[in-house]
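Reading through the structure tokens given below for one structure.
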Amino acid sequence: MRLADLKQQVIEEAKPYFQRIDEVSESNTVKVLNAMRQLKVSDAHFKSSTGYAYGDISREKLEELYATIFKAERALVRTQFVSGTHALATVLFGILRPGDELVSLTGEPYDTMQTVIGHAHESKGSLKEFGVDYRELPLIDGKVDIDGISNVITAKTKVALIQRSRGYSMRDPLMIEDIEKICAAVKRVNPNCVTFIDNCYGEFVEVQEPIEVGADIIAGSLIKNIGGGLAPTGGYIVGRSDLVELASYRLTAPGMGDELGASLGDPRLLYQGLFLAPHVTAQALKGAVFAAGLFSRLGYNTHPLPTDKRGDIIQAIELKTPEKLIAFCRAIQKYSPVDSFAAPEPWDMPGYEDQVIMAAGTFVQGASIELSADGPLRPPYNVYLQGGLTFEHAMTAIMAAAEELEN
């Protein structure tokens, strides 16, 4: 079957899954809209500030919005966060003290979090170097070992780290119902243990967020789902007020916390991006479903399958050879709106153990809510496709990657 014919067949088969995505997008759009109406967002909140920025109404209103949307007590939303990993590290260093214990309940963490923890090898400035103990609960067949939580969480455990997305693995991302079960299991063993969700790639994929089902604190990146493709940089932390406060002292300094921090650039982009985020997330999800359907029919192992429920926007495709991984990423780059003339090469990316190849012809550098594809050069040479501001762009680039591999 020609690829053009296969494309139409995949789109037709995907229609019921697209409808489900649209229903979630509508629900989340109404949620965001109602929060903006309730909190009386106005043009006055789009003004930038400088210096210490005491009483910055743009910053304060945006954080009030995030707290409302996520059903949290408090939020910290700042362009001063350089990445999602920075926001996550700020939470961990804010809460944990020497002698405390951190436990990962979703197996081995994502590569950049391993360097924050000091997991695989010594890394300067890591939690391990500061005297924080670390353990992890291995996954069973790609799923969290709910029964095993009682064996790894103890009275000593201060924070349980739960990674919602798959990272560079073929495990299932967590659904909201999974997060609810995990948090409940932790609290049964140690009610004082902080349940902390790495929420990257998961925002607005479902109609609820982790705080609503028992998580104490969550963090993520503004240049993923929640920024709607407009946020130029930044990260967020939302959750229990005392925990967000502790994190704020790590972002700035003890005694200063969230009272300072200028709204640099154009704050309007953070508000407008948040408003668009449910729709943009839906566009990315449709692209992922299309990629799963197309490459499954071409004989590749895809995870998740097009019929599966999704807990994040990432589509993993097992390509089996480094040559195919490189070719796939170059095809995505070639059909990007920015730097389409560039040819990605594997490189030693900071925070990763293996060389990584990354296609990211994005308007915002590294924004993975925009269409991008990347993967570590290690067997089985999986490519991780995510993002897409429009389904039409995602579909066009995915078709180009398929043509490249089939020729």
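By order of appearance in the structure tokens: chains A, B, ..., then residues from 1 within every chain, and ligands from 1 in the order shown.
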
(request) Apply DSSP to the structure's backbone, then extract all residues of segment 92-303 of chain A labelled alpha helix (DSSP H) and return them as a VMD selection string. (result) chain A and resid 92 to 95 111 to 117 149 to 152 176 to 189 241 to 251 268 to 297

Which residues of segment 213-315 of chain A come within 8 Å of segment 160-173 of chain A, and for each one, what is the closest pair of atoms and their distance in Å to one decimal, counting only C-alpha atoms, sorted by chain and residue number, as a Markdown table?
| residue | atom | partner | partner_atom | distance |
| --- | --- | --- | --- | --- |
| A:His303 | CA | A:Met170 | CA | 6.5 |
| A:Pro304 | CA | A:Asp172 | CA | 7.5 |
| A:Arg310 | CA | A:Pro173 | CA | 7.3 |
| A:Gly311 | CA | A:Pro173 | CA | 5.3 |
| A:Asp312 | CA | A:Ser165 | CA | 5.9 |
| A:Ile314 | CA | A:Arg166 | CA | 7.8 |

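Atom to atom, atom CA of Asp258 of chain A and atom CA of Leu246 of chain A stand 9.8 Å apart.
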
(message) Between atom CA of Thr396 of chain A and atom CA of Leu371 of chain A, what distance in Å does the model show, to one decimal?
(response) 10.9 Å

(message) Which residues are close to Arg74 of chain A, i.e. within 10 Å by only C-alpha atoms, leaving aside same-chain residues fewer than 4 positions away? Reply as a list in words.
(response) Glu63, Glu64, Leu65, Tyr66, Ala67, Thr68, Phe70, Ile217, Ile237, Val238, Gly239, Arg240, Ser241, Asp242, Leu243, Val244 and Glu245 of chain A

Would you mind listing, for every residue of segment 204-299 of chain A within 8 Å of segment 362-365 of chain A, the two atoms forming the shortest contact and the distance between them in Å to one decimal, using only C-alpha atoms, sorted by chain and ascending residue number, as JSON lines?
{"residue": "A:Ile223", "atom": "CA", "partner": "A:Val364", "partner_atom": "CA", "distance": 7.7}
{"residue": "A:Gly229", "atom": "CA", "partner": "A:Val364", "partner_atom": "CA", "distance": 7.7}
{"residue": "A:Leu230", "atom": "CA", "partner": "A:Val364", "partner_atom": "CA", "distance": 7.9}
{"residue": "A:Pro232", "atom": "CA", "partner": "A:Val364", "partner_atom": "CA", "distance": 6.0}
{"residue": "A:Thr233", "atom": "CA", "partner": "A:Val364", "partner_atom": "CA", "distance": 7.8}

(message) Measuring between only C-alpha atoms, which one of A:Gly261, A:Pro210, A:Pro346, A:Pro267 shows the shortest distance to Asp43 of chain A?
(response) A:Pro267

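Distances from A:Gly107, A:Gly84, A:Gly273, A:Gly299 to His119 of chain A were compared using only C-alpha atoms, and the smallest one belongs to A:Gly107.
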
Name all residues at most 12 Å from Val24 of chain A (count only C-alpha atoms; drop same-chain ones fewer than 3 positions away) and give them as a compact mmCIF listing (two decimals) with C-alpha atoms, in the first residue's frame.
# COMPACT_ATOMS: atom_id res chain seq x y z
CA TYR A 17 -9.60 8.60 19.40
CA PHE A 18 -9.45 12.15 18.05
CA GLN A 19 -12.99 12.70 19.34
CA ARG A 20 -11.93 11.61 22.83
CA ILE A 21 -8.98 14.03 22.68
CA SER A 27 -13.25 20.41 29.26
CA ASN A 28 -9.81 21.82 30.01
CA THR A 29 -10.42 24.95 27.90
CA VAL A 30 -13.55 25.69 29.92
CA LYS A 31 -11.57 25.15 33.14
CA GLU A 203 -0.56 18.70 31.64
CA PHE A 204 -4.05 18.82 30.09
CA VAL A 205 -3.79 15.29 28.67
CA GLU A 206 -6.62 14.35 31.06
CA VAL A 207 -9.37 16.39 32.70
CA GLN A 208 -7.75 16.24 36.15
CA ALA A 277 -2.55 25.09 26.14
CA PRO A 278 -5.51 22.65 26.21
CA HIS A 279 -6.02 23.03 22.45
CA VAL A 280 -2.31 22.85 21.60
CA THR A 281 -1.93 19.75 23.80
CA ALA A 282 -4.79 18.16 21.87
CA GLN A 283 -3.04 18.91 18.57
CA LEU A 285 -1.86 14.20 21.02
CA ARG A 310 -2.51 8.35 26.96

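Residues in contact with Ala401 of chain A at 6 Å, where only C-alpha atoms are counted and same-chain residues fewer than 2 positions away are skipped, are listed as Phe328, Ala331, Ile398, Met399, Glu403 and Glu404 of chain A.
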
(request) Pick out the residues sitting within 6 Å of Asn199 of chain A, and hand them over as an MDAnalysis selection string; count only C-alpha atoms, and ignore anything fewer than 2 positions along from it in its own chain. (result) chainID A and resid 164 197 202 219:220

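Compared by their closest atoms to Val186 of chain A, and using only C-alpha atoms, the residues A:Thr302, A:Pro380, A:Cys200, A:Val103 rank with A:Val103 nearest.
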
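If only C-alpha atoms are the atoms counted, then among A:Tyr110, A:Phe290, A:Phe130, A:Phe275 the closest residue to Asp198 of chain A is A:Tyr110.
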
(message) I want to know what sits within 12 Å of Ala14 of chain A, based on only C-alpha atoms, with residues of the same chain fewer than 4 positions away left out; could you give that as a VMD selection string?
(response) chain A and resid 7 to 10 18 to 21 285 to 294 305 to 308

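Interatomic distance, atom CA of Gln272 of chain A to atom CA of Thr79 of chain A: 14.8 Å.
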
(request) Pick out the closest residue to Ala44 of chain A from this set: A:Tyr335, A:Tyr271, A:Phe391, A:Phe196. Count only C-alpha atoms. (result) A:Tyr271

(request) Extract the full set of strand (DSSP E or B) residues from segment 204-331 of chain A according to DSSP on the backbone, and format it as a ChimeraX atom specification. (result) /A:217-221,235-239,301-303,315-318

Quick one: which segment 37-105 of chain A residues come within 6 Å of segment 133-145 of chain A, and what is the nearest atom pair for each with the distance in Å to one decimal, counting only C-alpha atoms, rows ordered by chain and ascending number, as a Markdown table?
| residue | atom | partner | partner_atom | distance |
| --- | --- | --- | --- | --- |
| A:Glu101 | CA | A:Asp133 | CA | 4.6 |
| A:Leu102 | CA | A:Tyr134 | CA | 4.9 |
| A:Val103 | CA | A:Arg135 | CA | 4.8 |
| A:Ser104 | CA | A:Glu136 | CA | 4.5 |
| A:Leu105 | CA | A:Leu137 | CA | 5.0 |

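Candidate residues A:Gly94, A:Asp5, A:Arg59, A:Ser48 were compared for distance to Pro254 of chain A, and the nearest is A:Gly94, using only C-alpha atoms.
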